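Source file: start.txt. Holds: compact mmCIF, C-alpha atoms.
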```txt
# COMPACT_ATOMS: atom_id res chain seq x y z
CA MET A 70 63.04 141.75 185.83
CA GLY A 71 64.29 138.23 186.29
CA THR A 72 67.82 137.42 187.26
CA MET A 73 68.33 134.39 185.09
CA HIS A 74 66.81 133.78 181.70
CA GLN A 75 68.20 132.27 178.52
CA GLN A 76 66.55 133.79 175.50
CA GLY A 77 65.58 131.36 172.81
CA GLY A 78 66.69 131.21 169.27
CA GLY A 79 70.39 131.08 168.64
CA GLY A 80 70.09 132.81 165.31
CA ASP A 81 69.31 131.38 161.90
CA GLY A 82 72.65 129.63 161.44
CA LEU A 83 74.53 129.48 158.17
CA PRO A 84 71.45 129.85 155.89
CA GLY A 85 70.42 133.03 157.69
CA THR A 86 73.95 134.42 157.48
CA VAL A 87 74.18 133.69 153.76
CA LEU A 88 70.76 135.28 153.13
CA THR A 89 71.77 138.41 155.06
CA VAL A 90 75.01 138.74 153.07
CA VAL A 91 73.15 138.30 149.77
CA LEU A 92 70.56 140.93 150.70
CA LEU A 93 73.19 143.45 151.80
CA LEU A 94 75.31 142.90 148.70
CA GLY A 95 72.19 143.17 146.54
CA ALA A 96 71.27 146.48 148.15
CA ALA A 97 74.80 147.80 147.65
CA GLY A 98 74.88 146.69 144.02
CA GLY A 99 71.45 148.16 143.33
CA TYR A 100 72.37 151.55 144.79
CA LEU A 101 75.72 151.73 142.97
CA LEU A 102 74.04 150.76 139.68
CA ALA A 103 71.42 153.47 140.16
CA ALA A 104 74.15 156.01 140.96
CA HIS A 105 75.97 155.04 137.76
CA ARG A 106 72.78 155.50 135.76
CA ALA A 107 72.19 158.91 137.35
CA ARG A 108 75.67 160.06 136.34
CA ARG A 109 75.25 158.70 132.83
CA ARG A 110 71.79 160.25 132.40
CA ASN A 111 72.93 163.68 133.59
CA PRO A 112 76.75 163.97 133.60
CA VAL A 113 76.60 167.62 134.69
CA GLN A 114 74.44 167.00 137.73
CA GLY A 115 75.96 163.58 138.39
CA TRP A 116 75.57 161.89 141.76
CA SER A 117 77.53 162.58 144.92
CA THR A 118 80.22 160.06 145.76
CA TRP A 119 79.72 161.09 149.38
CA ARG A 120 76.10 159.89 149.25
CA SER A 121 77.18 156.56 147.80
CA ALA A 122 79.75 156.20 150.58
CA SER A 123 77.06 157.02 153.14
CA PHE A 124 74.80 154.27 151.82
CA LEU A 125 77.62 151.72 151.88
CA THR A 126 78.46 152.79 155.43
CA GLY A 127 74.86 152.17 156.47
CA LEU A 128 74.97 148.69 154.95
CA ALA A 129 78.28 147.99 156.69
CA LEU A 130 76.73 148.93 160.03
CA LEU A 131 73.85 146.56 159.33
CA ALA A 132 76.35 143.82 158.52
CA VAL A 133 78.10 144.35 161.86
CA ALA A 134 74.75 144.16 163.64
CA LEU A 135 73.33 141.13 161.85
CA LEU A 136 76.33 138.92 161.11
CA PRO A 137 78.58 136.99 163.53
CA PRO A 138 79.74 137.57 166.15
CA LEU A 139 77.18 140.19 167.22
CA GLY A 140 74.18 138.75 165.38
CA PRO A 141 74.08 135.36 167.12
CA ALA A 142 75.10 136.88 170.47
CA ALA A 143 72.12 139.23 170.43
CA HIS A 144 69.77 136.23 170.71
CA SER A 145 71.08 135.22 174.12
CA ASP A 146 72.70 138.32 175.63
CA PHE A 147 70.80 141.53 176.35
CA ARG A 148 73.95 143.58 175.83
CA GLY A 149 74.26 142.17 172.33
CA HIS A 150 70.60 142.92 171.71
CA MET A 151 71.03 146.54 172.75
CA ALA A 152 74.17 147.04 170.66
CA GLN A 153 72.29 145.52 167.74
CA HIS A 154 69.34 147.81 168.43
CA MET A 155 71.59 150.89 168.35
CA LEU A 156 73.20 149.89 165.07
CA ILE A 157 70.00 148.82 163.28
CA GLY A 158 67.66 151.45 164.68
CA MET A 159 69.84 154.57 164.95
CA TYR A 160 73.28 154.50 163.32
CA ALA A 161 72.58 152.61 160.10
CA PRO A 162 69.32 154.53 159.38
CA LEU A 163 71.09 157.89 159.56
CA ALA A 164 73.75 156.78 157.08
CA LEU A 165 71.15 155.24 154.74
CA VAL A 166 68.87 158.29 154.85
CA LEU A 167 71.72 160.74 154.17
CA ALA A 168 72.38 158.77 150.98
CA ALA A 169 69.09 160.20 149.58
CA PRO A 170 67.86 156.89 148.10
CA VAL A 171 64.43 158.28 147.12
CA THR A 172 65.99 161.15 145.15
CA LEU A 173 68.28 158.67 143.41
CA LEU A 174 65.31 156.45 142.57
CA LEU A 175 63.36 159.35 141.08
CA ARG A 176 66.34 160.37 138.94
CA THR A 177 66.87 156.91 137.49
CA LEU A 178 63.32 155.64 136.91
CA PRO A 179 61.53 156.26 133.61
CA HIS A 180 59.41 159.39 133.65
CA GLY A 181 56.08 157.60 134.06
CA GLN A 182 57.26 155.40 136.90
CA ALA A 183 58.94 158.33 138.65
CA ARG A 184 55.67 160.25 138.48
CA ARG A 185 53.78 157.35 140.06
CA VAL A 186 56.34 157.15 142.85
CA ALA A 187 56.02 160.91 143.41
CA VAL A 188 52.23 160.64 143.58
CA THR A 189 52.53 157.84 146.13
CA LEU A 190 54.92 159.91 148.24
CA HIS A 191 52.39 162.75 148.27
CA SER A 192 49.40 160.54 149.09
CA ALA A 193 47.48 161.02 152.34
CA PRO A 194 48.84 157.84 154.03
CA ALA A 195 52.43 158.76 153.13
CA ARG A 196 51.97 162.32 154.38
CA LEU A 197 50.61 160.99 157.67
CA LEU A 198 53.47 158.53 158.00
CA VAL A 199 56.18 161.19 157.61
CA ARG A 200 54.74 163.53 160.21
CA PRO A 201 57.21 164.02 163.07
CA ALA A 202 54.71 162.88 165.70
CA THR A 203 54.11 159.62 163.83
CA ALA A 204 57.82 159.00 163.32
CA LEU A 205 58.52 159.74 166.99
CA MET A 206 55.80 157.36 168.14
CA LEU A 207 56.99 154.51 165.90
CA SER A 208 60.69 154.91 166.66
CA THR A 209 60.70 155.89 170.32
CA ALA A 210 57.34 155.32 172.01
CA THR A 211 57.31 151.69 170.90
CA LEU A 212 60.44 151.09 173.00
CA GLY A 213 58.27 151.45 176.08
CA VAL A 214 55.96 148.77 174.76
CA LEU A 215 58.95 146.54 174.00
CA TYR A 216 60.66 146.73 177.38
CA PHE A 217 57.72 147.39 179.75
CA THR A 218 55.61 144.48 178.51
CA PRO A 219 56.32 140.78 177.76
CA LEU A 220 56.83 141.68 174.08
CA TYR A 221 60.63 141.59 174.28
CA ASP A 222 60.79 138.06 175.71
CA THR A 223 58.11 136.87 173.29
CA ALA A 224 60.00 138.26 170.29
CA MET A 225 63.33 136.85 171.44
CA ALA A 226 61.84 133.39 171.94
CA HIS A 227 61.02 133.07 168.22
CA PRO A 228 63.39 133.73 165.29
CA ALA A 229 60.54 135.22 163.26
CA GLY A 230 59.77 137.63 166.09
CA HIS A 231 63.39 138.68 166.26
CA ARG A 232 63.44 139.35 162.51
CA LEU A 233 60.26 141.43 162.79
CA LEU A 234 61.92 143.38 165.58
CA HIS A 235 64.89 144.09 163.32
CA ALA A 236 62.58 145.23 160.52
CA HIS A 237 60.75 147.56 162.90
CA PHE A 238 63.97 149.07 164.25
CA LEU A 239 65.30 149.71 160.74
CA ALA A 240 62.08 151.07 159.23
CA SER A 241 61.18 153.31 162.16
CA GLY A 242 64.77 154.51 162.50
CA CYS A 243 64.92 155.45 158.82
CA LEU A 244 61.56 157.19 159.10
CA PHE A 245 62.65 159.30 162.07
CA ALA A 246 66.02 160.18 160.50
CA HIS A 247 64.24 161.14 157.27
CA VAL A 248 61.76 163.38 159.08
CA ILE A 249 64.46 165.12 161.12
CA ALA A 250 67.35 165.52 158.67
CA GLY A 251 66.70 163.60 155.46
CA PRO A 252 67.76 165.21 152.17
CA ASP A 253 64.95 163.48 150.29
CA PRO A 254 61.78 165.52 149.69
CA ALA A 255 59.21 165.47 152.50
CA PRO A 256 56.02 167.46 151.83
CA THR A 257 54.98 167.69 155.49
CA ARG A 258 58.39 168.32 157.06
CA PRO A 259 58.17 171.20 159.58
CA GLY A 260 60.74 173.91 160.22
CA VAL A 261 64.08 173.42 161.91
CA ARG A 262 62.88 174.58 165.33
CA SER A 263 60.01 172.09 165.36
CA ARG A 264 62.30 169.25 164.31
CA LEU A 265 64.75 170.13 167.07
CA VAL A 266 61.89 169.94 169.56
CA TYR A 267 60.94 166.45 168.37
CA LEU A 268 64.58 165.40 168.50
CA GLY A 269 64.80 166.71 172.05
CA ILE A 270 61.74 164.68 173.03
CA ALA A 271 63.35 161.57 171.54
CA ILE A 272 66.57 162.21 173.48
CA ALA A 273 64.65 162.62 176.75
CA ALA A 274 62.55 159.50 176.11
CA HIS A 275 65.62 157.37 175.35
CA ALA A 276 67.31 158.61 178.51
CA LEU A 277 64.27 157.83 180.68
CA ILE A 278 63.86 154.33 179.23
CA ALA A 279 67.58 153.62 179.69
CA GLN A 280 67.42 154.78 183.30
CA ALA A 281 64.36 152.62 183.93
CA LEU A 282 66.19 149.64 182.46
CA TYR A 283 69.22 150.28 184.65
CA GLY A 284 67.13 150.62 187.78
CA GLY A 285 64.72 147.81 186.95
CA PHE A 286 61.65 150.06 187.24
CA LEU A 287 58.54 148.50 185.64
CA ILE A 288 60.79 146.56 183.26
CA ASP A 289 59.61 143.20 181.93
CA VAL A 290 62.90 141.84 180.58
CA HIS A 291 63.98 138.40 181.78
CA ALA A 292 67.77 138.52 181.62
CA PRO A 293 70.63 138.61 184.15
CA ILE A 294 70.67 141.92 186.00
CA HIS A 295 74.24 142.79 185.01
CA GLN A 296 73.35 142.28 181.33
CA VAL A 297 70.31 144.54 181.59
CA GLN A 298 72.28 147.26 183.37
CA GLN A 299 75.12 147.17 180.87
CA GLY A 300 72.59 147.12 178.04
CA ALA A 301 70.98 150.21 179.57
CA GLU A 302 74.36 151.95 179.56
CA ILE A 303 74.79 151.08 175.88
CA MET A 304 71.36 152.55 175.17
CA TYR A 305 72.02 155.68 177.23
CA TYR A 306 75.42 156.62 175.86
CA GLY A 307 75.05 155.09 172.41
CA GLY A 308 71.68 156.78 171.94
CA ASP A 309 73.11 160.16 172.94
CA ILE A 310 75.90 159.88 170.38
CA ALA A 311 73.49 158.80 167.63
CA GLU A 312 71.10 161.65 168.36
CA LEU A 313 73.93 164.17 168.41
CA LEU A 314 74.95 162.91 164.98
CA LEU A 315 71.35 163.32 163.85
CA ALA A 316 71.30 166.89 165.19
CA GLY A 317 74.56 167.56 163.33
CA ALA A 318 73.02 166.20 160.15
CA LEU A 319 70.01 168.47 160.64
CA VAL A 320 72.25 171.53 160.94
CA ALA A 321 74.42 170.44 158.02
CA THR A 322 71.47 169.86 155.67
CA TRP A 323 69.55 173.00 156.70
CA ARG A 324 69.51 175.85 154.22
CA PRO A 325 68.00 179.31 154.83
CA GLU A 326 65.25 180.60 152.60
CA ARG A 327 67.55 182.64 150.38
CA ARG A 328 65.19 182.77 147.45
CA THR A 329 62.54 184.65 149.40
CA MET A 330 65.11 187.12 150.70
CA ALA A 331 66.54 187.67 147.23
CA ALA A 332 63.06 188.16 145.78
CA GLY A 333 62.34 190.75 148.46
CA ARG A 334 65.48 192.69 147.56
CA ARG A 335 64.60 192.61 143.86
CA THR A 336 61.11 193.99 144.44
CA ARG A 337 62.20 196.72 146.89
CA PRO A 338 62.66 200.03 144.98
CA ALA A 339 66.06 201.65 145.15
CA ALA A 340 66.54 204.84 147.09
CA GLY A 341 65.44 207.84 145.06
CA ALA A 342 63.95 205.73 142.31
CA PRO A 343 60.52 206.72 141.05
CA THR A 344 57.57 204.58 142.12
CA THR A 345 54.35 203.85 140.34
CA GLY A 346 50.85 203.74 141.66
```
Could you rewrite the structure in this file as structure tokens?
Amino acid sequence: MGTMHQQGGGGDGLPGTVLTVVLLLGAAGGYLLAAHRARRRNPVQGWSTWRSASFLTGLALLAVALLPPLGPAAHSDFRGHMAQHMLIGMYAPLALVLAAPVTLLLRTLPHGQARRVAVTLHSAPARLLVRPATALMLSTATLGVLYFTPLYDTAMAHPAGHRLLHAHFLASGCLFAHVIAGPDPAPTRPGVRSRLVYLGIAIAAHALIAQALYGGFLIDVHAPIHQVQQGAEIMYYGGDIAELLLAGALVATWRPERRTMAAGRRTRPAAGAPTTG
């Protein structure tokens, strides 16, 4: 870990800021339009205002991470990078996933297109992708590759690399949040106990990586030591809060198997009732 290093790339300037704003506003408008169509198509079922608010919250967190002042600062300050990482990879994904965008898409698409989307979601590659082990590897294990190899400095030296890093944080964060606590359908999602185990592994891995960053053990990040240590503190405490929120979402979205219990009561003969066979 070097003591002095100025990361390259001071952001994308005004064009990059304008493009980010347009993309975020487009995503917000698209979701709200789809929610309006869902309510109009089925007024009884409607669409939860809470889910719409959750999606807008996720986009707002992305705006904080990507726009000034934090966005440009993250190119040259490791503390800014880590705060950006927390927002893009952990906080925003949870809010976006809890908005159930896939369910909304399936409700608003024409029947034929919705069926094709459903088939894609149940395909072998998609089922492999949404396995907890895969999501954990992509969202957490890759952090070791990022900070224990020259990958971080290489990505920060090129604007395109930094954008790819953002895309990875967002996609892998959404995948992990979906696997653990997402309301959208997931054909290979395990039970609550298994998901809590994977979440516990993620918590432990984040803590170990943050401690390694703070102590400078095997870390290949060329930035001032005080920035790396403060960035490690952001990762340690910010990651804990995000993962506690994810655990809370898991508990809040969990529902017991009431149908099976009710079916069992219906098929059990009443006391003193005659039986057949």
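Distances from A:Ser145, A:Thr86, A:Ser192, A:Thr172 to Ser117 (chain A) were compared using all atoms listed in the file, and the smallest one belongs to A:Thr172.
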Contact residues around region 131-138 of chain A with all atoms listed in the file at 10 Å, ignoring same-chain residues under 3 positions, as a count of residues only: 30
Between CA of Thr218 (chain A) and CA of Asp146 (chain A), what is the distance, to one decimal in Å? 18.4 Å
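Straight-line separation from CA of Ser123 (chain A) to CA of Glu312 (chain A): 17.0 Å.
CA of Phe124 (chain A) lies 5.9 Å from CA of Ala164 (chain A).
In this comparison, which uses all atoms listed in the file, the residue of A:Ile288, A:Leu315, A:Ile294, A:Leu190 approaching Leu268 (chain A) most closely is A:Leu315.
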